[in-house]
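File shown: start_22.txt. Contents: compact mmCIF, C-alpha atoms and all ligand atoms.
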```txt
# COMPACT_ATOMS: atom_id res chain seq x y z
CA MET A 1 -18.00 10.34 -11.77
CA SER A 2 -17.86 12.12 -8.43
CA VAL A 3 -15.32 11.81 -5.62
CA LEU A 4 -18.37 11.03 -3.48
CA SER A 5 -19.75 8.29 -5.73
CA THR A 6 -21.32 5.36 -3.95
CA ASP A 7 -21.17 3.06 -6.96
CA LEU A 8 -18.42 0.56 -6.18
CA THR A 9 -17.60 -0.23 -9.81
CA GLU A 10 -17.24 3.48 -10.45
CA ILE A 11 -15.02 3.97 -7.38
CA ALA A 12 -12.77 1.13 -8.55
CA SER A 13 -12.51 2.63 -12.04
CA ARG A 14 -11.75 6.06 -10.69
CA LEU A 15 -9.03 4.80 -8.35
CA CYS A 16 -7.54 2.87 -11.27
CA SER A 17 -7.42 5.86 -13.64
CA ALA A 18 -4.55 5.59 -16.12
CA GLY A 19 -1.30 7.04 -14.81
CA LYS A 20 -2.59 7.50 -11.27
CA GLY A 21 -2.23 5.64 -8.00
CA ILE A 22 -2.95 5.88 -4.32
CA LEU A 23 -1.11 7.79 -1.60
CA ALA A 24 -1.01 5.51 1.45
CA SER A 25 -0.72 8.00 4.30
CA ASP A 26 -2.74 6.22 6.96
CA GLU A 27 0.05 5.45 9.41
CA SER A 28 -1.19 5.03 12.95
CA PRO A 29 -0.07 7.63 15.52
CA SER A 30 2.29 4.94 16.83
CA THR A 31 3.95 4.13 13.48
CA MET A 32 4.07 7.76 12.42
CA GLY A 33 5.30 8.72 15.87
CA LYS A 34 8.30 6.42 15.57
CA ARG A 35 9.15 7.99 12.22
CA LEU A 36 8.70 11.50 13.62
CA VAL A 37 10.82 10.84 16.67
CA LYS A 38 13.54 9.41 14.40
CA ALA A 39 13.27 12.63 12.41
CA GLY A 40 13.73 14.67 15.58
CA LYS A 41 10.09 15.76 15.97
CA ASP A 42 7.65 15.23 18.82
CA ASN A 43 4.79 12.84 18.23
CA THR A 44 1.83 15.14 18.90
CA PRO A 45 -1.46 15.56 17.00
CA GLU A 46 -0.12 18.95 15.84
CA THR A 47 3.12 17.57 14.33
CA ARG A 48 1.14 14.78 12.69
CA ARG A 49 -1.21 17.41 11.23
CA GLN A 50 1.70 19.50 9.94
CA TYR A 51 3.39 16.49 8.40
CA ARG A 52 0.24 15.22 6.69
CA GLY A 53 -0.44 18.74 5.41
CA LEU A 54 2.77 18.52 3.34
CA PHE A 55 0.94 15.96 1.20
CA TYR A 56 -2.72 16.95 1.39
CA GLY A 57 -1.89 20.58 0.66
CA ALA A 58 0.35 19.70 -2.32
CA GLU A 59 -0.75 19.53 -5.95
CA LEU A 60 -1.00 15.79 -6.35
CA GLY A 61 -4.14 15.42 -8.48
CA GLY A 62 -2.18 14.69 -11.68
CA ALA A 63 -0.76 11.44 -10.31
CA ILE A 64 -2.89 10.52 -7.31
CA SER A 65 -6.43 9.14 -7.61
CA GLY A 66 -7.00 8.43 -3.92
CA ALA A 67 -5.41 9.01 -0.52
CA ILE A 68 -5.76 6.67 2.44
CA LEU A 69 -6.09 8.60 5.69
CA HIS A 70 -5.88 7.55 9.29
CA PRO A 71 -9.29 8.12 10.96
CA GLU A 72 -7.89 10.96 13.09
CA ALA A 73 -6.92 12.80 9.87
CA LEU A 74 -10.55 12.82 8.65
CA ASP A 75 -11.11 15.60 11.21
CA MET A 76 -7.91 17.57 10.63
CA LYS A 77 -7.38 20.78 8.68
CA LEU A 78 -4.68 22.45 6.62
CA ASP A 79 -3.15 25.72 7.80
CA ASP A 80 -5.53 27.56 5.42
CA GLY A 81 -8.57 26.22 7.28
CA ARG A 82 -9.76 23.70 4.69
CA SER A 83 -10.22 20.19 5.97
CA PHE A 84 -7.87 17.56 4.55
CA VAL A 85 -10.93 15.90 3.00
CA GLU A 86 -12.04 19.13 1.27
CA ALA A 87 -8.53 19.83 0.01
CA LEU A 88 -8.21 16.34 -1.50
CA HIS A 89 -11.68 16.42 -3.01
CA SER A 90 -10.97 19.80 -4.63
CA GLN A 91 -8.23 18.06 -6.66
CA GLY A 92 -10.46 15.13 -7.60
CA ILE A 93 -8.67 12.82 -5.15
CA MET A 94 -10.92 10.25 -3.48
CA VAL A 95 -10.61 9.79 0.27
CA GLY A 96 -10.03 6.39 1.82
CA VAL A 97 -9.62 5.36 5.42
CA LYS A 98 -7.64 2.78 7.33
CA VAL A 99 -10.21 0.70 9.19
CA ASP A 100 -8.10 -2.01 10.80
CA GLU A 101 -6.85 -1.42 14.31
CA GLY A 102 -3.38 -2.89 13.97
CA LEU A 103 -1.88 -6.32 14.45
CA GLU A 104 -2.05 -8.83 17.28
CA PRO A 105 -0.10 -12.06 17.80
CA MET A 106 -1.76 -15.24 16.53
CA GLU A 107 -2.88 -17.42 19.41
CA ALA A 108 -0.97 -20.49 18.23
CA SER A 109 2.14 -18.52 17.36
CA CYS A 110 5.25 -20.40 18.48
CA GLY A 111 8.51 -21.98 17.37
CA ALA A 112 9.50 -21.21 13.82
CA TYR A 113 6.24 -19.32 13.42
CA GLU A 114 6.86 -16.90 16.24
CA GLY A 115 5.83 -13.42 15.23
CA GLU A 116 2.81 -14.31 13.13
CA THR A 117 -0.13 -11.98 13.50
CA SER A 118 -3.75 -11.42 12.60
CA THR A 119 -5.44 -8.02 12.45
CA LYS A 120 -7.69 -6.31 15.02
CA GLY A 121 -10.84 -4.28 14.49
CA LEU A 122 -13.55 -6.50 13.02
CA GLU A 123 -15.79 -6.38 16.12
CA THR A 124 -16.29 -2.61 15.92
CA LEU A 125 -15.98 -2.20 12.16
CA GLU A 126 -19.67 -2.02 11.27
CA GLU A 127 -20.44 0.84 13.65
CA ARG A 128 -17.40 2.83 12.44
CA LEU A 129 -18.07 2.48 8.71
CA ALA A 130 -21.19 4.69 8.66
CA THR A 131 -19.25 7.53 10.34
CA TYR A 132 -16.36 7.25 7.86
CA HIS A 133 -18.80 7.30 4.95
CA GLU A 134 -20.47 10.42 6.36
CA LYS A 135 -17.05 12.09 6.57
CA GLY A 136 -16.44 11.50 2.86
CA ALA A 137 -14.50 8.22 2.76
CA ARG A 138 -15.41 6.03 -0.21
CA PHE A 139 -12.79 3.35 0.10
CA ALA A 140 -11.01 1.58 2.93
CA LYS A 141 -7.91 -0.38 3.73
CA TRP A 142 -7.33 -3.38 5.96
CA ARG A 143 -3.77 -4.63 6.31
CA ALA A 144 -2.84 -8.19 7.11
CA ALA A 145 0.91 -8.69 7.62
CA MET A 146 2.54 -12.08 7.24
CA PRO A 147 6.23 -12.74 7.87
CA ILE A 148 7.99 -15.62 6.13
CA CYS A 149 9.10 -17.66 9.11
CA LYS A 150 12.79 -18.34 9.51
CA ASP A 151 14.02 -21.92 9.23
CA GLU A 152 10.84 -23.15 7.54
CA TYR A 153 10.87 -20.48 4.80
CA ARG A 154 7.12 -20.39 4.70
CA ILE A 155 4.03 -18.87 6.27
CA SER A 156 1.93 -21.16 8.46
CA ARG A 157 -1.33 -22.45 7.04
CA ALA A 158 -3.14 -21.04 10.10
CA ALA A 159 -1.88 -17.51 9.43
CA ILE A 160 -2.75 -17.65 5.75
CA GLU A 161 -6.28 -18.88 6.45
CA LYS A 162 -7.03 -16.58 9.36
CA ASN A 163 -5.82 -13.45 7.58
CA ALA A 164 -7.70 -14.33 4.39
CA ALA A 165 -10.91 -14.94 6.37
CA GLN A 166 -10.56 -11.58 8.15
CA LEU A 167 -9.91 -9.75 4.88
CA ALA A 168 -13.02 -11.32 3.35
CA ALA A 169 -15.20 -10.45 6.37
CA TYR A 170 -13.92 -6.86 6.26
CA ALA A 171 -14.57 -6.62 2.52
CA GLU A 172 -18.13 -7.87 2.89
CA LEU A 173 -18.92 -5.26 5.58
CA CYS A 174 -17.38 -2.38 3.61
CA ILE A 175 -19.34 -3.26 0.50
CA ALA A 176 -22.57 -3.33 2.49
CA HIS A 177 -21.81 0.28 3.49
CA GLY A 178 -20.97 1.60 0.01
CA ILE A 179 -17.24 1.67 0.72
CA LEU A 180 -14.79 -0.06 -1.62
CA PRO A 181 -12.44 -2.35 0.30
CA ILE A 182 -8.75 -2.48 -0.55
CA VAL A 183 -7.71 -5.99 0.36
CA GLU A 184 -4.12 -5.98 1.60
CA PRO A 185 -2.44 -9.27 2.44
CA GLU A 186 1.15 -8.09 2.80
CA ILE A 187 3.98 -10.60 2.98
CA LEU A 188 6.81 -8.88 4.80
CA ILE A 189 10.21 -8.51 3.16
CA ASP A 190 12.00 -9.39 6.41
CA GLY A 191 14.26 -12.43 6.03
CA ASP A 192 17.08 -13.92 3.98
CA HIS A 193 14.91 -15.91 1.54
CA ASP A 194 15.35 -15.54 -2.21
CA GLY A 195 12.64 -14.39 -4.59
CA GLY A 196 11.59 -17.97 -5.32
CA VAL A 197 10.40 -18.49 -1.74
CA TYR A 198 8.53 -15.21 -1.87
CA PHE A 199 6.88 -16.23 -5.15
CA VAL A 200 5.64 -19.53 -3.69
CA GLU A 201 4.22 -17.84 -0.58
CA THR A 202 2.67 -15.02 -2.62
CA ARG A 203 0.74 -17.53 -4.73
CA LYS A 204 -0.55 -19.29 -1.62
CA VAL A 205 -1.59 -16.09 0.14
CA LEU A 206 -3.27 -14.48 -2.87
CA GLY A 207 -4.97 -17.74 -3.85
CA GLU A 208 -6.40 -18.15 -0.34
CA CYS A 209 -7.60 -14.54 -0.23
CA MET A 210 -9.43 -14.81 -3.54
CA HIS A 211 -10.99 -18.08 -2.39
CA ALA A 212 -12.15 -16.53 0.91
CA LEU A 213 -13.64 -13.51 -0.88
CA VAL A 214 -15.55 -15.68 -3.31
CA GLN A 215 -16.83 -17.96 -0.53
CA ARG A 216 -18.15 -14.87 1.30
CA GLY A 217 -20.00 -13.78 -1.84
CA VAL A 218 -17.81 -10.71 -2.37
CA ARG A 219 -17.81 -9.46 -5.98
CA LEU A 220 -14.22 -9.17 -7.14
CA ASP A 221 -14.96 -6.10 -9.27
CA HIS A 222 -15.90 -4.34 -6.03
CA ILE A 223 -12.47 -4.67 -4.42
CA LEU A 224 -8.93 -3.63 -5.25
CA LEU A 225 -5.93 -5.73 -4.30
CA LYS A 226 -2.89 -4.31 -2.56
CA CYS A 227 0.05 -6.66 -2.40
CA GLN A 228 3.81 -6.63 -2.62
CA MET A 229 6.04 -7.18 -5.62
CA VAL A 230 7.87 -10.52 -5.66
CA THR A 231 11.35 -9.61 -4.42
CA PRO A 232 13.98 -11.39 -2.35
CA GLY A 233 14.05 -10.86 1.43
CA VAL A 234 15.82 -7.83 2.74
CA ASP A 235 18.67 -9.93 4.17
CA TRP A 236 19.18 -12.07 1.06
CA LYS A 237 22.87 -12.04 0.31
CA GLY A 238 22.78 -13.34 -3.24
CA ASN A 239 23.31 -11.55 -6.45
CA GLY A 240 22.19 -12.05 -10.02
CA PRO A 241 18.71 -12.10 -11.55
CA TRP A 242 16.78 -11.28 -8.35
CA ARG A 243 18.48 -7.87 -8.30
CA ASP A 244 17.02 -7.20 -11.74
CA PRO A 245 13.67 -5.35 -12.15
CA ALA A 246 12.84 -7.54 -15.17
CA THR A 247 13.02 -10.69 -13.00
CA ILE A 248 10.92 -9.10 -10.28
CA ALA A 249 8.34 -8.02 -12.87
CA ARG A 250 8.06 -11.44 -14.52
CA TRP A 251 7.65 -13.39 -11.28
CA THR A 252 5.23 -10.85 -9.85
CA LEU A 253 3.07 -11.02 -12.95
CA ASP A 254 3.26 -14.81 -12.95
CA ALA A 255 2.05 -14.96 -9.31
CA LEU A 256 -0.81 -12.57 -10.05
CA ARG A 257 -1.95 -14.23 -13.26
CA GLN A 258 -2.11 -17.59 -11.54
CA THR A 259 -4.19 -16.48 -8.58
CA VAL A 260 -6.13 -13.25 -9.19
CA PRO A 261 -9.18 -13.40 -11.49
CA PRO A 262 -9.53 -10.73 -14.19
CA ALA A 263 -12.59 -9.26 -12.44
CA VAL A 264 -10.17 -7.52 -10.05
CA LYS A 265 -9.69 -4.12 -11.71
CA GLY A 266 -6.47 -3.04 -10.11
CA ILE A 267 -3.39 -4.25 -8.30
CA MET A 268 -2.17 -1.30 -6.24
CA PHE A 269 1.28 -2.34 -5.05
CA LEU A 270 2.69 -1.37 -1.68
CA SER A 271 6.33 -0.35 -1.56
CA GLY A 272 6.97 -2.64 1.39
CA GLY A 273 10.40 -1.39 2.38
CA GLN A 274 11.86 -0.98 -1.11
CA THR A 275 13.54 2.39 -1.58
CA GLU A 276 11.63 5.10 -3.40
CA TYR A 277 13.78 4.50 -6.44
CA GLN A 278 13.33 0.72 -6.49
CA SER A 279 9.56 1.10 -6.01
CA THR A 280 9.25 3.36 -9.06
CA VAL A 281 11.60 1.39 -11.28
CA ASN A 282 10.02 -1.96 -10.45
CA LEU A 283 6.49 -0.63 -10.97
CA ASN A 284 7.57 0.79 -14.30
CA GLU A 285 9.10 -2.54 -15.31
CA LEU A 286 5.90 -4.37 -14.34
CA ASN A 287 3.95 -2.21 -16.78
CA VAL A 288 6.56 -2.47 -19.51
CA THR A 289 6.66 -6.25 -19.15
CA ALA A 290 2.87 -6.57 -19.09
CA ARG A 291 2.73 -4.65 -22.35
CA ALA A 292 5.71 -6.15 -24.14
CA PHE A 293 5.23 -9.87 -23.60
CA ASN A 294 2.06 -11.62 -24.58
CA GLU A 295 2.57 -14.40 -22.07
CA PHE A 296 2.54 -11.85 -19.27
CA ALA A 297 -0.50 -9.93 -20.54
CA VAL A 298 -2.57 -8.88 -17.56
CA PRO A 299 -6.17 -7.74 -17.36
CA TYR A 300 -5.67 -5.45 -14.36
CA ARG A 301 -4.32 -1.96 -13.91
CA LEU A 302 -0.87 -2.19 -12.28
CA SER A 303 -0.37 0.85 -10.11
CA PHE A 304 0.77 1.94 -6.67
CA SER A 305 -0.53 2.47 -3.18
CA PHE A 306 2.83 3.43 -1.73
CA GLY A 307 3.48 4.73 1.76
CA ARG A 308 7.23 4.96 2.23
CA GLY A 309 7.68 4.92 -1.56
CA LEU A 310 5.94 8.31 -1.77
CA GLN A 311 6.86 9.83 1.58
CA ALA A 312 10.46 9.01 2.48
CA SER A 313 12.17 11.95 0.74
CA VAL A 314 9.64 14.43 2.10
CA LEU A 315 10.09 13.14 5.64
CA ASP A 316 13.85 13.35 5.26
CA MET A 317 13.70 16.94 3.99
CA TRP A 318 11.22 17.97 6.67
CA SER A 319 13.41 16.50 9.38
CA ARG A 320 16.33 18.55 8.03
CA GLY A 321 14.29 21.73 8.41
CA GLU A 322 13.56 22.35 4.73
CA SER A 323 10.63 24.66 4.04
CA LYS A 324 7.05 23.51 3.76
CA GLU A 325 7.02 24.65 0.12
CA ALA A 326 10.15 22.64 -0.73
CA CYS A 327 8.69 19.55 0.94
CA MET A 328 5.40 19.92 -0.94
CA LYS A 329 7.25 20.30 -4.20
CA LYS A 330 9.16 17.10 -3.48
CA ALA A 331 5.88 15.29 -2.71
CA GLU A 332 4.63 16.36 -6.15
CA GLU A 333 7.81 15.29 -7.94
CA VAL A 334 7.85 11.83 -6.35
CA ALA A 335 4.14 11.33 -7.06
CA ARG A 336 4.69 12.40 -10.66
CA VAL A 337 7.37 9.80 -11.45
CA ASN A 338 5.19 7.10 -9.96
CA GLY A 339 2.31 8.26 -12.15
CA LEU A 340 4.64 7.76 -15.11
CA ALA A 341 5.67 4.33 -13.82
CA ALA A 342 2.01 3.35 -13.58
CA ARG A 343 1.92 3.76 -17.37
CA GLY A 344 5.30 2.13 -17.93
CA ALA A 345 6.52 5.53 -19.10
CA PHE A 346 9.19 6.41 -16.54
CA ASN A 347 12.41 7.02 -18.40
CA GLU A 348 15.26 8.81 -16.67
CA ALA A 349 16.90 9.63 -20.01
CA VAL A 350 13.81 11.65 -20.93
CA ASP A 351 12.36 12.71 -17.58
CA GLY A 352 15.58 13.39 -15.71
CA ALA A 353 16.83 11.65 -12.59
CA HIS A 354 14.36 10.21 -10.11
CA PRO A 355 13.60 12.97 -7.58
CA THR A 356 14.40 10.90 -4.48
CA VAL A 357 16.85 12.53 -2.08
CA LEU A 358 17.68 9.15 -0.53
CA PRO A 359 19.99 6.34 -1.69
CA LYS A 360 18.63 4.37 -4.64
CA SER A 361 19.71 1.01 -3.24
CA GLY A 362 19.38 -0.49 0.23
CA ASN A 363 15.96 -0.55 1.82
CA LEU A 364 13.43 1.31 3.95
CA GLN A 365 12.55 -1.67 6.12
CA GLU A 366 10.81 -0.93 9.40
CA SER A 367 10.20 -3.56 12.02
CA PHE A 368 7.80 -1.51 14.16
CA ARG A 369 4.77 -1.18 11.89
CA GLY A 370 1.39 -2.54 12.85
CA VAL A 371 0.80 -1.15 16.32
CA TYR A 372 -2.33 0.97 16.27
P1 LIG A 401 4.49 0.95 2.21
O1 LIG A 401 4.37 1.39 0.79
O2 LIG A 401 5.38 1.84 3.03
O3 LIG A 401 4.79 -0.49 2.36
O4 LIG A 401 3.08 1.19 2.89
C1 LIG A 401 1.95 0.84 2.22
C2 LIG A 401 0.90 0.57 3.18
O5 LIG A 401 -0.05 1.26 3.25
C3 LIG A 401 1.03 -0.59 4.04
O6 LIG A 401 -0.18 -0.84 4.67
```

Go ahead and express the file in the form of structure tokens.
Amino acid sequence: MSVLSTDLTEIASRLCSAGKGILASDESPSTMGKRLVKAGKDNTPETRRQYRGLFYGAELGGAISGAILHPEALDMKLDDGRSFVEALHSQGIMVGVKVDEGLEPMEASCGAYEGETSTKGLETLEERLATYHEKGARFAKWRAAMPICKDEYRISRAAIEKNAAQLAAYAELCIAHGILPIVEPEILIDGDHDGGVYFVETRKVLGECMHALVQRGVRLDHILLKCQMVTPGVDWKGNGPWRDPATIARWTLDALRQTVPPAVKGIMFLSGGQTEYQSTVNLNELNVTARAFNEFAVPYRLSFSFGRGLQASVLDMWSRGESKEACMKKAEEVARVNGLAARGAFNEAVDGAHPTVLPKSGNLQESFRGVY
């Protein structure tokens, strides 16, 4: 099975290898720029190259099966002259590419639904896919982002349907070009809703996406799903079961089992604003729960496609002037514990403390993502 395979079933299997997940490092220059500026760096192509090199030059092959790159990174090189793509391939890591062009407001967005978006980029997607394939990309990502609207505590029907239709159209085009589509309908964690609201909306969104894919004739074993875990909103003030990884795991598995057919090989969770620690612990609990309880048995691989969940400590260290080597080592340590969590085998008593340098609780919420 090669990193340049064009067989979609094979690509899915490879990305879903046991104990491995995906490094989501496809931030747009705008999103990455805001993080860099916050970290005291200039947002230039050169600083973006240096930052990305901390990951693509690290030894991540033991825990990472694929890395999602921003298109500009497909043409960038490490300090040693190897292209990012070559460096990843040399470790057996498949290369993916972000193909959406960011978010735009929904036309009918108003009132309680203010802030709803759809995703840009479908018009030019076909012509871009052949170039990405030529550059070594074998999978792609398209992100839809849906906030739970205040007051109503739900997502509008229009937003659910439009985003599902766009994801299905994107998936169909990718498949026609030998590129595996990661379908990402993200429900944002912004808001003061409890986990129950999030569960209800997750079922609706995932159900609609699967329906749209099937109606388009997309084979579900030729996609991977990237969604969020079922957690309470970031401003939820309550306490009790929703703070417990076991509750999050059970409701997440329940939402998936009720909406996602077993033909989907892998659920590659985003971290979505959870801290690095929460992301790892909750992923671990998902796998433990899936194994331990028959009623939650799942047919899919449960792994990660984390952005902030894999990068936050490294960015923090880099911004504090720590050496490139120390940052790369941290990237490896954080990837490693998530590889363990993808098997349900992360155990701090055995493996030592989680390597994050950031607080375990709180959140990594960002309100600026989505601008291309
Ligand atoms: P987070 O893990 O930071 O949510 O990012 C994942 C991602 O790629 C969102 O599109």

(request) Fewer than 6 positions away in the same chain doesn't count, so skip those; otherwise give me all residues within 6 Å of stretch 191-207 of chain A, counting all atoms listed in the file, as a PyMOL selection string. (result) chain A and resi 160+230-236+255+259

Where does chain A meet ligand LIG 401 (chain A) within 10 Å, residue by residue, with the nearest atom pair and distance in Å to one decimal for each, counting all atoms listed in the file, listed by chain and rising number, as JSON lines?
```
{"residue": "A:Ile22", "atom": "CA", "partner": "A:LIG401", "partner_atom": "O5", "distance": 9.3}
{"residue": "A:Leu23", "atom": "CA", "partner": "A:LIG401", "partner_atom": "O5", "distance": 8.2}
{"residue": "A:Ala24", "atom": "CA", "partner": "A:LIG401", "partner_atom": "O5", "distance": 4.7}
{"residue": "A:Ser25", "atom": "CA", "partner": "A:LIG401", "partner_atom": "O5", "distance": 6.9}
{"residue": "A:Asp26", "atom": "CA", "partner": "A:LIG401", "partner_atom": "O5", "distance": 6.8}
{"residue": "A:Glu27", "atom": "CA", "partner": "A:LIG401", "partner_atom": "O5", "distance": 7.5}
{"residue": "A:Ile68", "atom": "CA", "partner": "A:LIG401", "partner_atom": "O5", "distance": 7.9}
{"residue": "A:Leu69", "atom": "CA", "partner": "A:LIG401", "partner_atom": "O5", "distance": 9.8}
{"residue": "A:Lys98", "atom": "CA", "partner": "A:LIG401", "partner_atom": "O6", "distance": 8.7}
{"residue": "A:Lys141", "atom": "CA", "partner": "A:LIG401", "partner_atom": "O6", "distance": 7.8}
{"residue": "A:Trp142", "atom": "CA", "partner": "A:LIG401", "partner_atom": "O6", "distance": 7.7}
{"residue": "A:Arg143", "atom": "CA", "partner": "A:LIG401", "partner_atom": "O6", "distance": 5.5}
{"residue": "A:Ala144", "atom": "CA", "partner": "A:LIG401", "partner_atom": "O6", "distance": 8.2}
{"residue": "A:Ala145", "atom": "CA", "partner": "A:LIG401", "partner_atom": "O6", "distance": 8.5}
{"residue": "A:Glu184", "atom": "CA", "partner": "A:LIG401", "partner_atom": "O6", "distance": 7.2}
{"residue": "A:Pro185", "atom": "CA", "partner": "A:LIG401", "partner_atom": "O6", "distance": 9.0}
{"residue": "A:Glu186", "atom": "CA", "partner": "A:LIG401", "partner_atom": "C3", "distance": 7.6}
{"residue": "A:Leu188", "atom": "CA", "partner": "A:LIG401", "partner_atom": "O3", "distance": 9.0}
{"residue": "A:Ile189", "atom": "CA", "partner": "A:LIG401", "partner_atom": "O3", "distance": 9.7}
{"residue": "A:Lys226", "atom": "CA", "partner": "A:LIG401", "partner_atom": "C2", "distance": 8.4}
{"residue": "A:Cys227", "atom": "CA", "partner": "A:LIG401", "partner_atom": "C3", "distance": 8.9}
{"residue": "A:Gln228", "atom": "CA", "partner": "A:LIG401", "partner_atom": "O3", "distance": 8.0}
{"residue": "A:Met268", "atom": "CA", "partner": "A:LIG401", "partner_atom": "C1", "distance": 9.7}
{"residue": "A:Phe269", "atom": "CA", "partner": "A:LIG401", "partner_atom": "O1", "distance": 7.6}
{"residue": "A:Leu270", "atom": "CA", "partner": "A:LIG401", "partner_atom": "O1", "distance": 4.1}
{"residue": "A:Ser271", "atom": "CA", "partner": "A:LIG401", "partner_atom": "O1", "distance": 3.5}
{"residue": "A:Gly272", "atom": "CA", "partner": "A:LIG401", "partner_atom": "O3", "distance": 3.2}
{"residue": "A:Gly273", "atom": "CA", "partner": "A:LIG401", "partner_atom": "O3", "distance": 5.7}
{"residue": "A:Gln274", "atom": "CA", "partner": "A:LIG401", "partner_atom": "O3", "distance": 7.9}
{"residue": "A:Thr275", "atom": "CA", "partner": "A:LIG401", "partner_atom": "O2", "distance": 9.4}
{"residue": "A:Glu276", "atom": "CA", "partner": "A:LIG401", "partner_atom": "O1", "distance": 9.2}
{"residue": "A:Ser279", "atom": "CA", "partner": "A:LIG401", "partner_atom": "O1", "distance": 8.6}
{"residue": "A:Phe304", "atom": "CA", "partner": "A:LIG401", "partner_atom": "O1", "distance": 8.3}
{"residue": "A:Ser305", "atom": "CA", "partner": "A:LIG401", "partner_atom": "C1", "distance": 6.2}
{"residue": "A:Phe306", "atom": "CA", "partner": "A:LIG401", "partner_atom": "O1", "distance": 3.6}
{"residue": "A:Gly307", "atom": "CA", "partner": "A:LIG401", "partner_atom": "O1", "distance": 3.6}
{"residue": "A:Arg308", "atom": "CA", "partner": "A:LIG401", "partner_atom": "O2", "distance": 3.7}
{"residue": "A:Gly309", "atom": "CA", "partner": "A:LIG401", "partner_atom": "O1", "distance": 5.4}
{"residue": "A:Leu310", "atom": "CA", "partner": "A:LIG401", "partner_atom": "O1", "distance": 7.5}
{"residue": "A:Gln311", "atom": "CA", "partner": "A:LIG401", "partner_atom": "O2", "distance": 8.3}
{"residue": "A:Ala312", "atom": "CA", "partner": "A:LIG401", "partner_atom": "O2", "distance": 8.8}
{"residue": "A:Leu364", "atom": "CA", "partner": "A:LIG401", "partner_atom": "O2", "distance": 8.1}
{"residue": "A:Gln365", "atom": "CA", "partner": "A:LIG401", "partner_atom": "O2", "distance": 8.6}
{"residue": "A:Glu366", "atom": "CA", "partner": "A:LIG401", "partner_atom": "O2", "distance": 8.8}
{"residue": "A:Arg369", "atom": "CA", "partner": "A:LIG401", "partner_atom": "C3", "distance": 8.7}
{"residue": "A:Gly370", "atom": "CA", "partner": "A:LIG401", "partner_atom": "O6", "distance": 8.5}
```

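Note that the spacing between atom CA of A:Arg343 and atom CA of A:Arg52 amounts to 26.7 Å.
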
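Among the candidates A:Ser90, A:Thr31, A:Thr280, A:Ser17, the one nearest to A:Arg336 when counting all atoms listed in the file is A:Thr280.
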
(request) Give as a PyMOL selection string the set of residues within 10 Å of the point (-18.0, -8.7, -0.8), where distances use the file's coordinates and only C-alpha atoms. (result) chain A and resi 167-176+180-181+212-223

For the residues selected in the previous step, produce a file with C-alpha atoms as a PDB file, in the frame of the given file.
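Saved file part.pdb follows:
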```
ATOM      1  CA  LEU A 167      -9.910  -9.750   4.880  1.00  0.00           C
ATOM      2  CA  ALA A 168     -13.020 -11.320   3.350  1.00  0.00           C
ATOM      3  CA  ALA A 169     -15.200 -10.450   6.370  1.00  0.00           C
ATOM      4  CA  TYR A 170     -13.920  -6.860   6.260  1.00  0.00           C
ATOM      5  CA  ALA A 171     -14.570  -6.620   2.520  1.00  0.00           C
ATOM      6  CA  GLU A 172     -18.130  -7.870   2.890  1.00  0.00           C
ATOM      7  CA  LEU A 173     -18.920  -5.260   5.580  1.00  0.00           C
ATOM      8  CA  CYS A 174     -17.380  -2.380   3.610  1.00  0.00           C
ATOM      9  CA  ILE A 175     -19.340  -3.260   0.500  1.00  0.00           C
ATOM     10  CA  ALA A 176     -22.570  -3.330   2.490  1.00  0.00           C
ATOM     11  CA  LEU A 180     -14.790  -0.060  -1.620  1.00  0.00           C
ATOM     12  CA  PRO A 181     -12.440  -2.350   0.300  1.00  0.00           C
ATOM     13  CA  ALA A 212     -12.150 -16.530   0.910  1.00  0.00           C
ATOM     14  CA  LEU A 213     -13.640 -13.510  -0.880  1.00  0.00           C
ATOM     15  CA  VAL A 214     -15.550 -15.680  -3.310  1.00  0.00           C
ATOM     16  CA  GLN A 215     -16.830 -17.960  -0.530  1.00  0.00           C
ATOM     17  CA  ARG A 216     -18.150 -14.870   1.300  1.00  0.00           C
ATOM     18  CA  GLY A 217     -20.000 -13.780  -1.840  1.00  0.00           C
ATOM     19  CA  VAL A 218     -17.810 -10.710  -2.370  1.00  0.00           C
ATOM     20  CA  ARG A 219     -17.810  -9.460  -5.980  1.00  0.00           C
ATOM     21  CA  LEU A 220     -14.220  -9.170  -7.140  1.00  0.00           C
ATOM     22  CA  ASP A 221     -14.960  -6.100  -9.270  1.00  0.00           C
ATOM     23  CA  HIS A 222     -15.900  -4.340  -6.030  1.00  0.00           C
ATOM     24  CA  ILE A 223     -12.470  -4.670  -4.420  1.00  0.00           C
TER      25      ILE A 223
END
```

(request) Can you work out the spacing between atom CA of A:Phe139 and atom CA of A:Val334 in Å, to one decimal? (result) 23.2 Å

As AutoDock Vina command-line options: centre and edge lengths in Å, one decimal, of the axis-aligned box holding stretch 353-358 of chain A with 4 Å per side:
```
--center_x 15.6 --center_y 11.1 --center_z -6.6 --size_x 12.1 --size_y 11.8 --size_z 20.1
```

Could you pull out every residue with an atom within 12 Å of (-1.4, 19.7, 15.6), file coordinates, counting all atoms listed in the file, and send them as a compact mmCIF listing (two decimals) with C-alpha atoms, in the coordinates of the input?
```txt
# COMPACT_ATOMS: atom_id res chain seq x y z
CA ASP A 42 7.65 15.23 18.82
CA ASN A 43 4.79 12.84 18.23
CA THR A 44 1.83 15.14 18.90
CA PRO A 45 -1.46 15.56 17.00
CA GLU A 46 -0.12 18.95 15.84
CA THR A 47 3.12 17.57 14.33
CA ARG A 48 1.14 14.78 12.69
CA ARG A 49 -1.21 17.41 11.23
CA GLN A 50 1.70 19.50 9.94
CA TYR A 51 3.39 16.49 8.40
CA ARG A 52 0.24 15.22 6.69
CA GLY A 53 -0.44 18.74 5.41
CA GLU A 72 -7.89 10.96 13.09
CA ALA A 73 -6.92 12.80 9.87
CA ASP A 75 -11.11 15.60 11.21
CA MET A 76 -7.91 17.57 10.63
CA LYS A 77 -7.38 20.78 8.68
CA LEU A 78 -4.68 22.45 6.62
CA ASP A 79 -3.15 25.72 7.80
```
